[in-house]
Amino acid sequence: MNKQKIWLSSPHMSGDEINFINEAFNDNWIAPVGPSVNAFEEDISAYLTEFSESKITTAVLSSGTSALHLAMVILGVGPKDVVIVQSFTFCATANPVIYQGAEIVFIDSEEETWNMDPIYLENSIKDLTKQGYGIANQIKPQNGKGYIKAIVPVHLYGMPAKMNEISKISQTYHIPIIEDAAESLGSKYGGLSCGSFGDMAILSFNGNKIITTSSGGALVSKNNQYVNSARFLSTQARDPAIHYQHSQIGYNYRMSNIIASIGRGQIQVLDERVAQRRANNLRYREFFKDIACVKMHSEPNNQFYSNFWLTAFILDKENSNNLTIEIIQKEFLKENIECRPLWKPLHLQPIYRNKQFYGSGICERFFGNGLCLPSGSNLTDSDFDRIFEVLSRLFKIM
Ligand SMILES: Cc1ncc(COP(=O)(O)O)c(C=O)c1O
């Protein structure tokens, strides 16, 4: 096959990253500490704070997964406790709960945003307290259970979750939110940044994200103490002593100064990248507008502003003339074009098959019938010609 690969979402450098890297080399800051680490943290904080009710601070880390893990550690998640997690997501959202030896319960998605359904969330809390799980400072645990320690909603593919409803439930039941904003940097809900709603939120800068540092992540919060704890724990929890002393188990999770240098170049163009991904989404939307069997992942109303990290759709198999997601994927593959099925719900994953699930199976239906289309901010007109040639053939648009 000679055709150049079209990726689902590939890195898109601004050109300035290399200058920051050179600066780090020139000053010999080749370590998980240095001016770029500090500057990138300030850049992220400023970006999120611009559309937030209060000031956000940031700890940059080695990955989004490590940020989620530290958030669990900081909230004291441990054996016997339970954490409530959106099922329709990547495994990294849930795995850190297991690192801490705690239980997980999974929540279905609602139809509009594809994210955590607030109704099932509330049902799960009522049910878990009946099972004996406690709530810190509110309800004592019973039956050998621990506490309901956190709620973890996700803004899938950039689409904000219904944070008004979820935040209200969090406040009513006094359960903190860890917001998984790995895919949603630049998205907003009610005019406020995704990543600014939770008690803590996490970001990812992995290779396919809207901005990337190759690998990397961040823990952000309005609560400075949480962020300071993340910095402390991510650098092996070293006590303030002249020798090496440790009163707590720490981790080697801090971001390197070289990686942060890439981030400084990337965040300068974040708004441009959001605009480019939203423009991609519009192109697809225009293409599918008269195709009744395709339902695009869409902003439910003007409260929602997605970065459209990935453009995704659901195929109505009953009315698709025998066209299936598998056929579409195969045809794209033949043309060396990458696309991807929607996340397999975590409660269906072999590792999580025995976990409690609250829902009616909406995310299962999405999984079986949905696809993510090439969505990179660096797609060219000729890439789109190739993508639309395949789609036109499949959907018989001549
Ligand atoms: C929803 C979600 N959560 C968490 C992560 C984990 O981030 P990382 O790959 O930086 O560890 C990712 C992406 O990889 C993700 O898509």
# chains A, B, ... in the order shown; residues from 1 in each chain; ligands from 1
call {"tool": "select_by_dssp", "arguments": {"residues": "range 186-373 of chain A", "states": "strand (DSSP E)", "output": "number ranges by chain"}}
result
A: 188-189, 192-193, 200-204, 217-221, 294-296, 304-305, 311-315, 340-341, 356-358, 370-373
call {"tool": "residues_near_ligand", "arguments": {"ligand": "ligand 1", "cutoff": "8 Å", "atoms": "only C-alpha atoms and all ligand atoms", "output": "ChimeraX atom specification"}}
result
/A:62-68,89-93,154-157,180-183,202-206,209,215-217
call {"tool": "write_last_selection", "arguments": {"atoms": "N, CA and C atoms", "output": "short mmCIF file (atom, residue, chain, number, x, y, z; two decimals), in the first residue's frame"}}
result
data_model
loop_
_atom_site.label_atom_id
_atom_site.label_comp_id
_atom_site.auth_asym_id
_atom_site.auth_seq_id
_atom_site.Cartn_x
_atom_site.Cartn_y
_atom_site.Cartn_z
N SER A 62 3.73 12.94 34.80
CA SER A 62 4.22 12.10 33.70
C SER A 62 3.10 11.60 32.79
N SER A 63 1.86 11.63 33.25
CA SER A 63 0.73 11.16 32.43
C SER A 63 -0.59 11.53 33.08
N GLY A 64 -1.66 11.40 32.29
CA GLY A 64 -3.00 11.57 32.85
C GLY A 64 -3.31 10.47 33.85
N THR A 65 -2.80 9.27 33.57
CA THR A 65 -3.04 8.14 34.47
C THR A 65 -2.40 8.40 35.83
N SER A 66 -1.18 8.92 35.84
CA SER A 66 -0.53 9.19 37.13
C SER A 66 -1.27 10.30 37.87
N ALA A 67 -1.85 11.26 37.10
CA ALA A 67 -2.64 12.32 37.74
C ALA A 67 -3.88 11.73 38.41
N LEU A 68 -4.54 10.80 37.72
CA LEU A 68 -5.70 10.13 38.31
C LEU A 68 -5.29 9.35 39.56
N THR A 89 -15.60 4.88 28.72
CA THR A 89 -14.34 5.62 28.74
C THR A 89 -13.18 4.66 28.53
N PHE A 90 -11.99 5.23 28.47
CA PHE A 90 -10.74 4.49 28.38
C PHE A 90 -10.41 3.88 29.75
N CYS A 91 -9.72 2.74 29.75
CA CYS A 91 -9.46 2.02 31.01
C CYS A 91 -8.70 2.86 32.04
N ALA A 92 -7.91 3.84 31.57
CA ALA A 92 -7.10 4.63 32.51
C ALA A 92 -7.95 5.42 33.48
N THR A 93 -9.22 5.70 33.13
CA THR A 93 -10.09 6.43 34.06
C THR A 93 -10.30 5.62 35.33
N VAL A 154 -16.41 11.81 32.95
CA VAL A 154 -15.45 12.02 31.84
C VAL A 154 -16.13 12.90 30.80
N HIS A 155 -15.36 13.77 30.14
CA HIS A 155 -15.89 14.55 29.01
C HIS A 155 -15.41 13.85 27.74
N LEU A 156 -16.19 12.88 27.31
CA LEU A 156 -15.74 11.97 26.26
C LEU A 156 -15.60 12.65 24.90
N TYR A 157 -14.48 12.39 24.26
CA TYR A 157 -14.18 12.95 22.93
C TYR A 157 -14.26 14.49 22.92
N ASP A 180 -12.37 13.78 34.85
CA ASP A 180 -11.42 13.29 33.84
C ASP A 180 -11.57 14.14 32.59
N ALA A 181 -10.69 15.14 32.49
CA ALA A 181 -10.72 16.07 31.36
C ALA A 181 -9.58 15.77 30.38
N ALA A 182 -9.17 14.49 30.34
CA ALA A 182 -8.04 14.09 29.49
C ALA A 182 -8.27 14.45 28.03
N GLU A 183 -9.54 14.38 27.60
CA GLU A 183 -9.84 14.56 26.17
C GLU A 183 -10.46 15.93 25.89
N ILE A 202 -8.10 16.07 35.87
CA ILE A 202 -6.85 15.62 35.27
C ILE A 202 -6.87 15.92 33.77
N LEU A 203 -5.67 16.18 33.24
CA LEU A 203 -5.49 16.42 31.81
C LEU A 203 -4.49 15.39 31.28
N SER A 204 -4.58 15.12 29.99
CA SER A 204 -3.57 14.25 29.37
C SER A 204 -2.96 14.97 28.17
N PHE A 205 -1.64 14.80 28.03
CA PHE A 205 -0.94 15.34 26.85
C PHE A 205 -0.32 14.19 26.06
N ASN A 206 -0.98 13.05 26.07
CA ASN A 206 -0.48 11.90 25.32
C ASN A 206 -0.48 12.23 23.82
N LYS A 209 -3.57 13.55 21.82
CA LYS A 209 -4.49 14.53 22.41
C LYS A 209 -4.44 15.87 21.66
N SER A 215 4.22 12.33 25.91
CA SER A 215 3.46 11.73 27.00
C SER A 215 3.45 12.79 28.09
N GLY A 216 2.47 12.72 28.95
CA GLY A 216 2.41 13.73 30.01
C GLY A 216 0.98 13.96 30.44
N GLY A 217 0.85 14.61 31.58
CA GLY A 217 -0.48 14.91 32.09
C GLY A 217 -0.39 15.97 33.16
#
call {"tool": "residues_around", "arguments": {"residues": "range 277-288 of chain A", "least_positions_apart": "4", "cutoff": "10 Å", "atoms": "only C-alpha atoms", "output": "ChimeraX atom specification"}}
result
/A:9,210,271-273,292-298,305-313,373-379,384,387-388,391-392,395,397
call {"tool": "closest_atom_pairs", "arguments": {"of": "range 298-398 of chain A", "to": "range 123-145 of chain A", "cutoff": "10 Å", "atoms": "only C-alpha atoms", "output": "tab-separated table"}}
result
residue	atom	partner	partner_atom	distance
A:Gln356	CA	A:Ser124	CA	9.3
A:Phe357	CA	A:Ser124	CA	8.6
A:Tyr358	CA	A:Ser124	CA	6.4
A:Gly359	CA	A:Ser124	CA	9.4
call {"tool": "write_last_selection", "arguments": {"atoms": "N, CA and C atoms", "output": "short mmCIF file (atom, residue, chain, number, x, y, z; two decimals), in the first residue's frame"}}
result
data_model
loop_
_atom_site.label_atom_id
_atom_site.label_comp_id
_atom_site.auth_asym_id
_atom_site.auth_seq_id
_atom_site.Cartn_x
_atom_site.Cartn_y
_atom_site.Cartn_z
N GLN A 356 -20.20 -3.77 39.86
CA GLN A 356 -21.59 -3.30 39.81
C GLN A 356 -21.72 -2.23 38.73
N PHE A 357 -22.86 -2.27 38.05
CA PHE A 357 -23.13 -1.30 36.98
C PHE A 357 -24.53 -0.75 37.17
N TYR A 358 -24.67 0.56 37.12
CA TYR A 358 -25.99 1.18 37.22
C TYR A 358 -26.31 1.80 35.86
N GLY A 359 -27.34 1.27 35.21
CA GLY A 359 -27.69 1.82 33.91
C GLY A 359 -28.65 0.93 33.18
#
call {"tool": "residues_around", "arguments": {"residues": "Phe20 in chain A", "least_positions_apart": "4", "cutoff": "8 Å", "atoms": "only C-alpha atoms", "output": "list in words"}}
result
Asp16, Ala24, Ser36, Ser261, Ile262, Arg264 and Gly265 of chain A
call {"tool": "write_last_selection", "arguments": {"atoms": "C-alpha atoms", "output": "PDB file, in the first residue's frame"}}
result
ATOM      1  CA  ASP A  16       8.077  26.818  18.725  1.00  0.00           C
ATOM      2  CA  ALA A  24      16.302  23.793  28.331  1.00  0.00           C
ATOM      3  CA  SER A  36       9.724  24.959  31.683  1.00  0.00           C
ATOM      4  CA  SER A 261       9.200  22.581  27.037  1.00  0.00           C
ATOM      5  CA  ILE A 262       7.122  20.873  24.343  1.00  0.00           C
ATOM      6  CA  ARG A 264       4.945  25.502  26.348  1.00  0.00           C
ATOM      7  CA  GLY A 265       5.036  25.513  22.566  1.00  0.00           C
TER       8      GLY A 265
END
call {"tool": "closest_residue", "arguments": {"among": "A:Ser14, A:Ser247, A:Asn38, A:Thr58", "to": "Asn224 in chain A", "atoms": "only C-alpha atoms"}}
result
A:Thr58
call {"tool": "select_by_dssp", "arguments": {"residues": "range 159-241 of chain A", "states": "helix (DSSP H, G or I)", "output": "ChimeraX atom specification"}}
result
/A:163-173,224-234
call {"tool": "closest_residue", "arguments": {"among": "A:Lys289, A:His246, A:His347, A:Lys222", "to": "Ser45 in chain A", "atoms": "only C-alpha atoms"}}
result
A:Lys222
call {"tool": "closest_residue", "arguments": {"among": "A:Val227, A:Ala150, A:Ala59, A:Val274", "to": "Ser187 in chain A", "atoms": "only C-alpha atoms"}}
result
A:Val274
call {"tool": "residues_around", "arguments": {"residues": "Glu103 in chain A", "least_positions_apart": "5", "cutoff": "8 Å", "atoms": "only C-alpha atoms", "output": "count of residues only"}}
result
7
call {"tool": "decode", "arguments": {"residues": "range 12-47 of chain A", "atoms": "N, CA and C atoms", "output": "PDB file, in the first residue's frame"}}
result
ATOM      1  N   HIS A  12       0.609  17.596  16.388  1.00  0.00           N
ATOM      2  CA  HIS A  12       0.622  18.768  15.506  1.00  0.00           C
ATOM      3  C   HIS A  12       1.415  19.870  16.213  1.00  0.00           C
ATOM      4  N   MET A  13       2.698  19.925  15.878  1.00  0.00           N
ATOM      5  CA  MET A  13       3.591  20.866  16.552  1.00  0.00           C
ATOM      6  C   MET A  13       3.399  22.284  16.010  1.00  0.00           C
ATOM      7  N   SER A  14       3.706  23.267  16.845  1.00  0.00           N
ATOM      8  CA  SER A  14       3.570  24.671  16.421  1.00  0.00           C
ATOM      9  C   SER A  14       4.849  25.156  15.758  1.00  0.00           C
ATOM     10  N   GLY A  15       5.968  24.475  16.049  1.00  0.00           N
ATOM     11  CA  GLY A  15       7.263  24.927  15.545  1.00  0.00           C
ATOM     12  C   GLY A  15       8.069  25.594  16.645  1.00  0.00           C
ATOM     13  N   ASP A  16       7.387  26.088  17.663  1.00  0.00           N
ATOM     14  CA  ASP A  16       8.077  26.818  18.725  1.00  0.00           C
ATOM     15  C   ASP A  16       8.592  25.878  19.826  1.00  0.00           C
ATOM     16  N   GLU A  17       8.091  24.636  19.826  1.00  0.00           N
ATOM     17  CA  GLU A  17       8.478  23.693  20.888  1.00  0.00           C
ATOM     18  C   GLU A  17       9.990  23.541  20.926  1.00  0.00           C
ATOM     19  N   ILE A  18      10.586  23.466  19.722  1.00  0.00           N
ATOM     20  CA  ILE A  18      12.020  23.179  19.639  1.00  0.00           C
ATOM     21  C   ILE A  18      12.842  24.312  20.274  1.00  0.00           C
ATOM     22  N   ASN A  19      12.311  25.540  20.203  1.00  0.00           N
ATOM     23  CA  ASN A  19      13.035  26.671  20.826  1.00  0.00           C
ATOM     24  C   ASN A  19      13.058  26.529  22.348  1.00  0.00           C
ATOM     25  N   PHE A  20      11.928  26.108  22.897  1.00  0.00           N
ATOM     26  CA  PHE A  20      11.883  25.900  24.355  1.00  0.00           C
ATOM     27  C   PHE A  20      12.782  24.723  24.755  1.00  0.00           C
ATOM     28  N   ILE A  21      12.807  23.690  23.899  1.00  0.00           N
ATOM     29  CA  ILE A  21      13.678  22.536  24.201  1.00  0.00           C
ATOM     30  C   ILE A  21      15.141  22.978  24.155  1.00  0.00           C
ATOM     31  N   ASN A  22      15.482  23.764  23.128  1.00  0.00           N
ATOM     32  CA  ASN A  22      16.865  24.258  23.023  1.00  0.00           C
ATOM     33  C   ASN A  22      17.259  25.084  24.244  1.00  0.00           C
ATOM     34  N   GLU A  23      16.308  25.894  24.693  1.00  0.00           N
ATOM     35  CA  GLU A  23      16.548  26.708  25.894  1.00  0.00           C
ATOM     36  C   GLU A  23      16.877  25.794  27.080  1.00  0.00           C
ATOM     37  N   ALA A  24      16.082  24.722  27.214  1.00  0.00           N
ATOM     38  CA  ALA A  24      16.302  23.793  28.331  1.00  0.00           C
ATOM     39  C   ALA A  24      17.680  23.132  28.214  1.00  0.00           C
ATOM     40  N   PHE A  25      18.069  22.771  26.969  1.00  0.00           N
ATOM     41  CA  PHE A  25      19.394  22.161  26.758  1.00  0.00           C
ATOM     42  C   PHE A  25      20.500  23.174  27.069  1.00  0.00           C
ATOM     43  N   ASN A  26      20.305  24.396  26.566  1.00  0.00           N
ATOM     44  CA  ASN A  26      21.348  25.411  26.774  1.00  0.00           C
ATOM     45  C   ASN A  26      21.579  25.679  28.259  1.00  0.00           C
ATOM     46  N   ASP A  27      20.481  25.644  29.036  1.00  0.00           N
ATOM     47  CA  ASP A  27      20.597  25.943  30.460  1.00  0.00           C
ATOM     48  C   ASP A  27      20.814  24.684  31.301  1.00  0.00           C
ATOM     49  N   ASN A  28      20.873  23.542  30.605  1.00  0.00           N
ATOM     50  CA  ASN A  28      21.126  22.237  31.246  1.00  0.00           C
ATOM     51  C   ASN A  28      20.043  21.844  32.254  1.00  0.00           C
ATOM     52  N   TRP A  29      18.795  22.226  31.961  1.00  0.00           N
ATOM     53  CA  TRP A  29      17.676  21.789  32.808  1.00  0.00           C
ATOM     54  C   TRP A  29      17.109  20.497  32.224  1.00  0.00           C
ATOM     55  N   ILE A  30      17.869  19.415  32.380  1.00  0.00           N
ATOM     56  CA  ILE A  30      17.467  18.110  31.825  1.00  0.00           C
ATOM     57  C   ILE A  30      17.062  17.261  33.025  1.00  0.00           C
ATOM     58  N   ALA A  31      15.923  17.570  33.592  1.00  0.00           N
ATOM     59  CA  ALA A  31      15.524  16.971  34.870  1.00  0.00           C
ATOM     60  C   ALA A  31      14.024  17.168  35.059  1.00  0.00           C
ATOM     61  N   PRO A  32      13.437  16.455  36.028  1.00  0.00           N
ATOM     62  CA  PRO A  32      12.007  16.684  36.297  1.00  0.00           C
ATOM     63  C   PRO A  32      11.785  17.910  37.180  1.00  0.00           C
ATOM     64  N   VAL A  33      12.497  18.957  36.880  1.00  0.00           N
ATOM     65  CA  VAL A  33      12.401  20.233  37.586  1.00  0.00           C
ATOM     66  C   VAL A  33      13.031  21.260  36.653  1.00  0.00           C
ATOM     67  N   GLY A  34      12.591  22.520  36.715  1.00  0.00           N
ATOM     68  CA  GLY A  34      13.214  23.534  35.877  1.00  0.00           C
ATOM     69  C   GLY A  34      12.229  24.578  35.411  1.00  0.00           C
ATOM     70  N   PRO A  35      12.735  25.587  34.680  1.00  0.00           N
ATOM     71  CA  PRO A  35      11.898  26.730  34.285  1.00  0.00           C
ATOM     72  C   PRO A  35      10.700  26.330  33.417  1.00  0.00           C
ATOM     73  N   SER A  36      10.858  25.329  32.545  1.00  0.00           N
ATOM     74  CA  SER A  36       9.724  24.959  31.683  1.00  0.00           C
ATOM     75  C   SER A  36       8.617  24.282  32.478  1.00  0.00           C
ATOM     76  N   VAL A  37       9.000  23.494  33.491  1.00  0.00           N
ATOM     77  CA  VAL A  37       7.990  22.860  34.355  1.00  0.00           C
ATOM     78  C   VAL A  37       7.147  23.963  35.002  1.00  0.00           C
ATOM     79  N   ASN A  38       7.827  24.966  35.564  1.00  0.00           N
ATOM     80  CA  ASN A  38       7.098  26.062  36.234  1.00  0.00           C
ATOM     81  C   ASN A  38       6.264  26.855  35.231  1.00  0.00           C
ATOM     82  N   ALA A  39       6.858  27.159  34.076  1.00  0.00           N
ATOM     83  CA  ALA A  39       6.153  28.007  33.089  1.00  0.00           C
ATOM     84  C   ALA A  39       4.951  27.265  32.509  1.00  0.00           C
ATOM     85  N   PHE A  40       5.116  25.965  32.237  1.00  0.00           N
ATOM     86  CA  PHE A  40       3.992  25.211  31.660  1.00  0.00           C
ATOM     87  C   PHE A  40       2.848  25.131  32.681  1.00  0.00           C
ATOM     88  N   GLU A  41       3.195  24.953  33.939  1.00  0.00           N
ATOM     89  CA  GLU A  41       2.146  24.945  34.981  1.00  0.00           C
ATOM     90  C   GLU A  41       1.411  26.279  35.002  1.00  0.00           C
ATOM     91  N   GLU A  42       2.163  27.373  34.895  1.00  0.00           N
ATOM     92  CA  GLU A  42       1.518  28.695  34.903  1.00  0.00           C
ATOM     93  C   GLU A  42       0.641  28.885  33.673  1.00  0.00           C
ATOM     94  N   ASP A  43       1.133  28.410  32.526  1.00  0.00           N
ATOM     95  CA  ASP A  43       0.355  28.550  31.275  1.00  0.00           C
ATOM     96  C   ASP A  43      -0.980  27.807  31.378  1.00  0.00           C
ATOM     97  N   ILE A  44      -0.922  26.571  31.896  1.00  0.00           N
ATOM     98  CA  ILE A  44      -2.162  25.776  32.003  1.00  0.00           C
ATOM     99  C   ILE A  44      -3.117  26.448  32.990  1.00  0.00           C
ATOM    100  N   SER A  45      -2.576  26.867  34.128  1.00  0.00           N
ATOM    101  CA  SER A  45      -3.422  27.511  35.148  1.00  0.00           C
ATOM    102  C   SER A  45      -4.099  28.745  34.570  1.00  0.00           C
ATOM    103  N   ALA A  46      -3.328  29.561  33.846  1.00  0.00           N
ATOM    104  CA  ALA A  46      -3.895  30.799  33.283  1.00  0.00           C
ATOM    105  C   ALA A  46      -4.968  30.462  32.259  1.00  0.00           C
ATOM    106  N   TYR A  47      -4.711  29.448  31.436  1.00  0.00           N
ATOM    107  CA  TYR A  47      -5.671  29.061  30.393  1.00  0.00           C
ATOM    108  C   TYR A  47      -7.002  28.640  31.022  1.00  0.00           C
TER     109      TYR A  47
END
